[in-house]
Amino acid sequence: MNGFRKSIAAAAIAGSMLVGGVAGAVLYGATTIAASAATTAATTAATPTPPAAGAAPGKFVPNETAAHEATESAAREAQENAGQVPTVP
């Protein structure tokens with residue numbers, strides 16, 4: 001009877017390994033497909049939009065609206081006036 005129990009236990013272990021291997025392969029395939037689809041969507045979404053009609057590509061255009069100007073510091077305004085991308089709040 002002891003040999004029979006060992007055989008049953010071995011069969012159960014082998015079966016669980018087989019089921020686990022199949023489940024792992026299915027999950028790996030699903031995540032690989034999802035990652036590939038996400039990369040394709042991210043690449044499509046990251047396509048840059050063309051600049052506005054009057055703006056040159058790569059040139060900083062400051063926000064000169066009255067509401068924005070009222071809240072910014074003198075250092076930031078000086079950077080904007082010099083054509084630099086502001087680095088101070």
# chains A, B, ... in the order shown; residues from 1 in each chain; ligands from 1

call {"tool": "residues_around", "arguments": {"residues": "stretch 74-77 of chain A", "least_positions_apart": "3", "cutoff": "8 Å", "atoms": "only C-alpha atoms", "output": "JSON list (two decimals) with C-alpha atoms, in the first residue's frame"}}
result
[["chain", "number", "residue", "atom", "x", "y", "z"],
["A", 69, "GLU", "CA", 1.73, 87.45, -15.01],
["A", 80, "GLU", "CA", 10.89, 84.51, -19.79],
["A", 81, "ASN", "CA", 11.93, 87.92, -21.10],
["A", 86, "PRO", "CA", 11.83, 79.22, -16.59],
["A", 87, "THR", "CA", 13.52, 77.16, -13.90],
["A", 88, "VAL", "CA", 12.22, 79.13, -10.90],
["A", 89, "PRO", "CA", 8.62, 79.20, -9.64]]

call {"tool": "atom_distance", "arguments": {"atom1": "atom CA of A:Val61", "atom2": "atom CA of A:Ala78"}}
result
13.5 Å

call {"tool": "atom_distance", "arguments": {"atom1": "atom CA of A:Gly15", "atom2": "atom CA of A:Ala30"}}
result
22.7 Å
